[in-house]
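As structure tokens, the structure follows; a few thoughts come after it.
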Amino acid sequence: MSAAAPVSEPAARFIGAGAWRHGLGYGLLGLPLAFVALPLYVILPNHYAREFAAPLAALGAVLLGARLIDAVLDPIIGRWCDRLFARSIGAVLSAAAVSAVVLALGLWGLLFPPAAVQAAGMAALLSWAGAVMAVTYTAYSVVSVAHQAWGARLGGNEAQRSRVVAWREALALVGVLVAAVLPGTLGLGVTVSTFAVLLALGWWAWSRSVRPLDQPSMATSPTAAALPSLSPLRQPLFQKLLAVFVLNGTASAIPATLVLFFVQDRLQASSAQEPAFLAIYFLFAALSIPLWVRAVSRFGLARTWLAGMALAIAVFVWAATLGTGDIVPFLIVCALSGIAVGTDLALPGAMLAGVIGRLGERGQREGAYFGWWSFAAKLNLALAAGLALPLLAWFGYTPGARDAEALWTLTVAYCLLPCVLKLLAGGALYTLVIRPEQRAASPLPASLKVPS
């Protein structure tokens, strides 16, 4: 059971009467941020490969380079956000507003490269994509890290923290759901325009939402007081949680990168069916979050996350048995894997906020922690695109392939490799997080107690 949080904690306002208004105010920005994440991380590789005939190996290298640059900048962005918070809330919101404008313009430039760039050849096109991606990802990071750090500064116990994160991630899934449908129905131009409007609305709601306390409301722990300047990467509690997050995130990033290839070539589904797969996945993820959040009150954050991992493994093992024409079974796979991913979205961020509080650094260094957290998340995506795509090409798969060996390679990469990584993540979660918590909570047997 988690310790009760003081009623005065801002996060306490996310439970009870009127909680939906506070949740919507803070969480609405998650909608456009996730909305843009789908084109950036899922649609973009497939778009460049099929629309501009970009070679998979070269495209993977460009994506890897741009995402690594972005990931390396995240810890710096996190520390900068901490300085902005120390200055004023207005400074945070102003920096996020400027970054949001850059983000919207960058997405347009990525999806619609200038005609002169396209005419200059593949090298110019890939150079343009790499440069604009680096700028766009950086702008995205500023807004995202500041928004996550804000949520962590609201404090609260496990149930309250999970509600804060759940509002952000549930609305994010609504954004992804809209982004999954719009490109295939109304086109990429409408998609970018809709994103810009939603981003402006999200920032406006955030600027009027529940604000963090000026000073931490909890006493600083002796450990944190003695070691106030430790880098997050040198904090054992953070190291353990980050290790689980990286393993699990890589397991999720690989199928996110390859899903459209699997749908088009393994299932041989029509382009009209693609939005349905993505819509079902993200819809069920959004619907599952309230259920997972309720489970947190009974089982705790870590055990609930472990249950989500187990469900994901079972679902992807089944997905590996699917083949040409298995449209309805894959819709079920999308629904069940969406339910499983609800834990990945709503729970790890709440666990990180708890770690920051336990280390006594709430209200001081959330940006630093979430900067490294964002670094890890983007490293997962970079490795998924930069390694999975070239490896697929190396083992003989190309978009549009129909021979059995190439399709089996795609199936292994999309279905089975994530299962192995999920197993490792689940083992790490139990060994590094759950068992230490059990030992800390269990009283010593009478025979082992030290006499007073």
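Simple scheme: letters A, B, ... for chains in structure tokens order, numbers from 1 for residues in each chain, numbers from 1 for ligands in the order shown.
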
Contacts of A:Leu24 within 9 Å, only C-alpha atoms, excl. fewer than 4 positions in-chain, as a PyMOL selection string: chain A and resi 19-20+28-29+167-168+171+205-206+209

With N, CA, C and O atoms retained, export the selected residues as a compact mmCIF listing (two decimals), in the first residue's frame.
```
# COMPACT_ATOMS: atom_id res chain seq x y z
N ALA A 19 -12.82 16.48 -10.37
CA ALA A 19 -11.48 16.05 -10.77
C ALA A 19 -11.31 16.08 -12.29
O ALA A 19 -10.21 16.32 -12.78
N TRP A 20 -12.38 15.84 -13.03
CA TRP A 20 -12.27 15.78 -14.49
C TRP A 20 -11.80 17.11 -15.07
O TRP A 20 -11.08 17.14 -16.07
N LEU A 28 -4.80 17.78 -21.43
CA LEU A 28 -5.18 18.03 -22.82
C LEU A 28 -3.97 18.20 -23.74
O LEU A 28 -4.02 17.80 -24.90
N LEU A 29 -2.88 18.76 -23.24
CA LEU A 29 -1.70 18.93 -24.08
C LEU A 29 -1.14 17.58 -24.53
O LEU A 29 -0.48 17.49 -25.58
N TRP A 167 -4.56 10.86 -16.96
CA TRP A 167 -5.24 11.89 -17.74
C TRP A 167 -4.38 12.30 -18.94
O TRP A 167 -4.88 12.43 -20.07
N ARG A 168 -3.10 12.50 -18.69
CA ARG A 168 -2.20 12.90 -19.78
C ARG A 168 -2.13 11.82 -20.85
O ARG A 168 -2.24 12.10 -22.05
N LEU A 171 -5.62 11.07 -22.80
CA LEU A 171 -5.86 12.08 -23.84
C LEU A 171 -4.82 11.95 -24.95
O LEU A 171 -5.13 12.23 -26.12
N ALA A 205 -5.01 25.28 -22.32
CA ALA A 205 -5.57 24.58 -21.16
C ALA A 205 -4.50 24.35 -20.09
O ALA A 205 -4.76 24.50 -18.89
N TRP A 206 -3.30 23.98 -20.53
CA TRP A 206 -2.20 23.75 -19.59
C TRP A 206 -1.89 25.02 -18.80
O TRP A 206 -1.65 24.96 -17.59
N SER A 209 -4.17 25.31 -15.84
CA SER A 209 -4.41 24.09 -15.06
C SER A 209 -3.85 24.20 -13.65
O SER A 209 -3.27 25.23 -13.27
```

Long-range neighbours of A:Pro236 as a list in words, 12 Å cut-off, only C-alpha atoms, 4 positions minimum in chain: Thr223, Leu230, Ser231, Pro232, Lys240, Leu241, Leu242, Ala243, Val355, Ile356, Arg358, Leu359, Leu432 and Val433 of chain A

For A:Ala388: contacts at 8 Å, only C-alpha atoms, fewer than 5 positions along chain excluded, given as number ranges by chain: A: 254, 383, 413

Can you write out the residues you just picked, keeping all heavy atoms, as a CSV table (one decimal), in the first residue's frame?
```csv
chain,number,residue,atom,x,y,z
A,254,ILE,N,9.9,-1.5,-31.3
A,254,ILE,CA,10.2,-2.3,-32.5
A,254,ILE,C,8.9,-2.6,-33.3
A,254,ILE,O,8.8,-2.3,-34.5
A,254,ILE,CB,10.9,-3.6,-32.2
A,254,ILE,CG1,12.3,-3.3,-31.8
A,254,ILE,CG2,10.9,-4.6,-33.4
A,254,ILE,CD1,13.1,-4.5,-31.3
A,383,LEU,N,16.9,3.1,-31.7
A,383,LEU,CA,17.5,1.7,-32.0
A,383,LEU,C,16.5,0.9,-32.8
A,383,LEU,O,16.9,0.1,-33.6
A,383,LEU,CB,17.8,1.1,-30.6
A,383,LEU,CG,18.9,1.7,-29.8
A,383,LEU,CD1,19.0,1.0,-28.4
A,383,LEU,CD2,20.2,1.5,-30.6
A,413,ALA,N,10.9,-10.3,-36.4
A,413,ALA,CA,11.2,-9.0,-35.9
A,413,ALA,C,10.0,-8.3,-35.3
A,413,ALA,O,10.2,-7.6,-34.2
A,413,ALA,CB,11.7,-8.1,-37.1
```

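For A:Leu56, the non-local neighbours within 8 Å, defined as residues at least 4 positions apart in the same chain or in other chains and counting only C-alpha atoms, are A:Ala49, A:Gly60, A:Leu389, A:Pro390, A:Ala393, A:Thr398.
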
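If you measure from each of A:Ile89, A:Ala61, A:Ala97, A:Ala104 to A:Ala149 using only C-alpha atoms, the closest one turns out to be A:Ile89.
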
Filtered DSSP result for stretch 154-254 of chain A, state alpha helix (DSSP H), as a count of residues only: 72

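Of the residues under consideration (A:Val142, A:Ile77, A:Ala34, A:Ile69), A:Ala34 shows the shortest atom-to-atom contact distance to A:Leu199 when counting only C-alpha atoms.
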
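Distance-wise, atom CA of A:Arg153 and atom CA of A:Gly349 end up 12.0 Å apart.
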
Within 8 Å of A:Val143 using only C-alpha atoms, minus same-chain residues under 6 positions, as a list of chain:residue names: A:Ala95, A:Ala96, A:Ala97, A:Ser99, A:Ala100

Same residues, C-alpha atoms, output as a PDB file, in the first residue's frame:
```pdb
ATOM      1  CA  ALA A  95       9.424  28.466 -23.665  1.00  0.00           C
ATOM      2  CA  ALA A  96       6.837  25.766 -24.382  1.00  0.00           C
ATOM      3  CA  ALA A  97       4.822  28.154 -26.579  1.00  0.00           C
ATOM      4  CA  SER A  99       8.772  25.371 -29.048  1.00  0.00           C
ATOM      5  CA  ALA A 100       5.205  24.453 -30.026  1.00  0.00           C
TER       6      ALA A 100
END
```

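Rounded to one decimal, atom CA of A:Ile327 and atom CA of A:Val263 lie 8.9 Å from each other.
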
Tell me, as a CSV table (one decimal) with N, CA, C and O atoms, in the first residue's frame, which residues lie within 10 Å of A:Ala37, counting only C-alpha atoms; anything in the same chain fewer than 3 positions away does not count.
```csv
chain,number,residue,atom,x,y,z
A,31,LEU,N,-2.7,15.3,-25.8
A,31,LEU,CA,-3.4,14.9,-27.0
A,31,LEU,C,-2.6,15.3,-28.3
A,31,LEU,O,-2.3,14.5,-29.1
A,32,PRO,N,-2.3,16.6,-28.5
A,32,PRO,CA,-1.5,17.0,-29.6
A,32,PRO,C,-0.1,16.4,-29.6
A,32,PRO,O,0.5,16.2,-30.7
A,33,LEU,N,0.5,16.3,-28.4
A,33,LEU,CA,1.9,15.8,-28.4
A,33,LEU,C,1.9,14.3,-28.9
A,33,LEU,O,2.9,13.9,-29.6
A,34,ALA,N,0.9,13.5,-28.5
A,34,ALA,CA,0.9,12.2,-29.0
A,34,ALA,C,0.4,12.1,-30.5
A,34,ALA,O,0.8,11.3,-31.2
A,40,LEU,N,5.6,11.3,-36.6
A,40,LEU,CA,7.0,11.4,-36.5
A,40,LEU,C,7.7,10.0,-36.4
A,40,LEU,O,8.7,9.7,-37.0
A,41,TYR,N,7.1,9.1,-35.6
A,41,TYR,CA,7.7,7.8,-35.3
A,41,TYR,C,7.2,6.6,-36.0
A,41,TYR,O,7.9,5.6,-36.2
A,42,VAL,N,6.0,6.6,-36.5
A,42,VAL,CA,5.4,5.5,-37.1
A,42,VAL,C,5.1,5.7,-38.6
A,42,VAL,O,5.6,4.9,-39.5
A,43,ILE,N,4.5,6.8,-39.0
A,43,ILE,CA,4.1,7.1,-40.4
A,43,ILE,C,5.3,7.5,-41.2
A,43,ILE,O,5.5,7.1,-42.4
A,44,LEU,N,6.2,8.3,-40.6
A,44,LEU,CA,7.3,8.9,-41.4
A,44,LEU,C,8.2,7.9,-42.1
A,44,LEU,O,8.5,8.1,-43.3
A,107,LEU,N,6.9,19.7,-38.5
A,107,LEU,CA,6.1,18.6,-38.9
A,107,LEU,C,5.7,18.8,-40.4
A,107,LEU,O,5.7,17.9,-41.2
A,137,TYR,N,12.3,17.3,-33.4
A,137,TYR,CA,12.4,16.5,-32.2
A,137,TYR,C,12.8,17.3,-31.0
A,137,TYR,O,12.3,17.1,-29.9
A,140,TYR,N,9.8,19.3,-29.8
A,140,TYR,CA,8.9,18.3,-29.2
A,140,TYR,C,9.4,18.0,-27.7
A,140,TYR,O,8.6,17.9,-26.8
A,172,ALA,N,-3.6,11.5,-24.6
A,172,ALA,CA,-2.6,11.3,-25.6
A,172,ALA,C,-3.1,10.2,-26.6
A,172,ALA,O,-2.9,10.3,-27.8
A,175,GLY,N,-5.4,11.5,-29.0
A,175,GLY,CA,-4.7,12.2,-30.1
A,175,GLY,C,-4.1,11.2,-31.1
A,175,GLY,O,-4.2,11.4,-32.3
A,176,VAL,N,-3.5,10.1,-30.6
A,176,VAL,CA,-3.0,9.1,-31.5
A,176,VAL,C,-4.1,8.5,-32.3
A,176,VAL,O,-3.9,8.2,-33.5
A,179,ALA,N,-4.9,10.8,-35.0
A,179,ALA,CA,-3.8,10.9,-36.0
A,179,ALA,C,-3.7,9.6,-36.8
A,179,ALA,O,-3.3,9.6,-37.9
```

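Atom CA of A:Arg83 to atom CA of A:Arg208 spans 20.9 Å [interatomic distance, one decimal].
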
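Nearest residue to A:Ile76 among A:Leu306, A:Phe262, A:Thr138, A:Val197 is A:Thr138, counting only C-alpha atoms.
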
Find the residues of stretch 244-326 of chain A that sit at most 7 Å from stretch 418-430 of chain A; for each, write down the nearest two atoms and how far apart they are in Å, to one decimal. Count only C-alpha atoms. Sort by chain, then by number going up, and give it as CSV.
```
residue,atom,partner,partner_atom,distance
A:Val244,CA,A:Ala425,CA,5.2
A:Leu247,CA,A:Ala425,CA,5.1
A:Asn248,CA,A:Ala425,CA,5.2
A:Ala251,CA,A:Pro418,CA,4.3
A:Ser252,CA,A:Pro418,CA,6.7
A:Ile254,CA,A:Pro418,CA,6.8
A:Leu306,CA,A:Gly426,CA,6.0
A:Met309,CA,A:Lys422,CA,6.3
A:Ile313,CA,A:Cys419,CA,5.1
A:Phe316,CA,A:Cys419,CA,6.7
```

Pick out the residues sitting within 7 Å of A:Ser337, and hand them over as an mmCIF file with all heavy atoms, in the first residue's frame; count only C-alpha atoms, and ignore anything fewer than 4 positions along from it in its own chain.
```cif
data_model
loop_
_atom_site.group_PDB
_atom_site.id
_atom_site.type_symbol
_atom_site.label_atom_id
_atom_site.label_comp_id
_atom_site.auth_asym_id
_atom_site.auth_seq_id
_atom_site.Cartn_x
_atom_site.Cartn_y
_atom_site.Cartn_z
ATOM 1 N N TYR A 281 -6.252 -0.355 -31.899
ATOM 2 C CA TYR A 281 -5.146 -0.440 -30.933
ATOM 3 C C TYR A 281 -5.195 0.722 -29.944
ATOM 4 O O TYR A 281 -5.188 0.517 -28.720
ATOM 5 C CB TYR A 281 -3.830 -0.437 -31.703
ATOM 6 C CG TYR A 281 -2.588 -0.394 -30.854
ATOM 7 C CD1 TYR A 281 -2.120 -1.525 -30.204
ATOM 8 C CD2 TYR A 281 -1.865 0.789 -30.717
ATOM 9 C CE1 TYR A 281 -0.957 -1.492 -29.436
ATOM 10 C CE2 TYR A 281 -0.714 0.833 -29.959
ATOM 11 C CZ TYR A 281 -0.268 -0.298 -29.317
ATOM 12 O OH TYR A 281 0.872 -0.245 -28.560
ATOM 13 N N ALA A 312 0.933 -8.574 -22.926
ATOM 14 C CA ALA A 312 1.546 -8.235 -24.210
ATOM 15 C C ALA A 312 2.305 -9.431 -24.794
ATOM 16 O O ALA A 312 2.234 -9.694 -26.005
ATOM 17 C CB ALA A 312 2.486 -7.044 -24.044
ATOM 18 N N VAL A 315 -0.110 -11.988 -26.277
ATOM 19 C CA VAL A 315 -0.745 -11.497 -27.501
ATOM 20 C C VAL A 315 0.203 -11.575 -28.688
ATOM 21 O O VAL A 315 -0.175 -12.006 -29.790
ATOM 22 C CB VAL A 315 -1.249 -10.052 -27.300
ATOM 23 C CG1 VAL A 315 -1.703 -9.450 -28.621
ATOM 24 C CG2 VAL A 315 -2.388 -10.026 -26.290
ATOM 25 N N VAL A 333 -5.822 -8.918 -32.018
ATOM 26 C CA VAL A 333 -4.464 -8.677 -31.528
ATOM 27 C C VAL A 333 -4.270 -7.194 -31.205
ATOM 28 O O VAL A 333 -3.706 -6.839 -30.165
ATOM 29 C CB VAL A 333 -3.423 -9.146 -32.570
ATOM 30 C CG1 VAL A 333 -2.040 -8.582 -32.242
ATOM 31 C CG2 VAL A 333 -3.368 -10.663 -32.619
ATOM 32 N N VAL A 341 -0.721 -2.157 -23.571
ATOM 33 C CA VAL A 341 0.133 -0.969 -23.616
ATOM 34 C C VAL A 341 -0.390 0.140 -22.716
ATOM 35 O O VAL A 341 0.343 1.080 -22.400
ATOM 36 C CB VAL A 341 0.285 -0.469 -25.064
ATOM 37 C CG1 VAL A 341 -0.843 0.478 -25.469
ATOM 38 C CG2 VAL A 341 1.633 0.236 -25.261
#
```
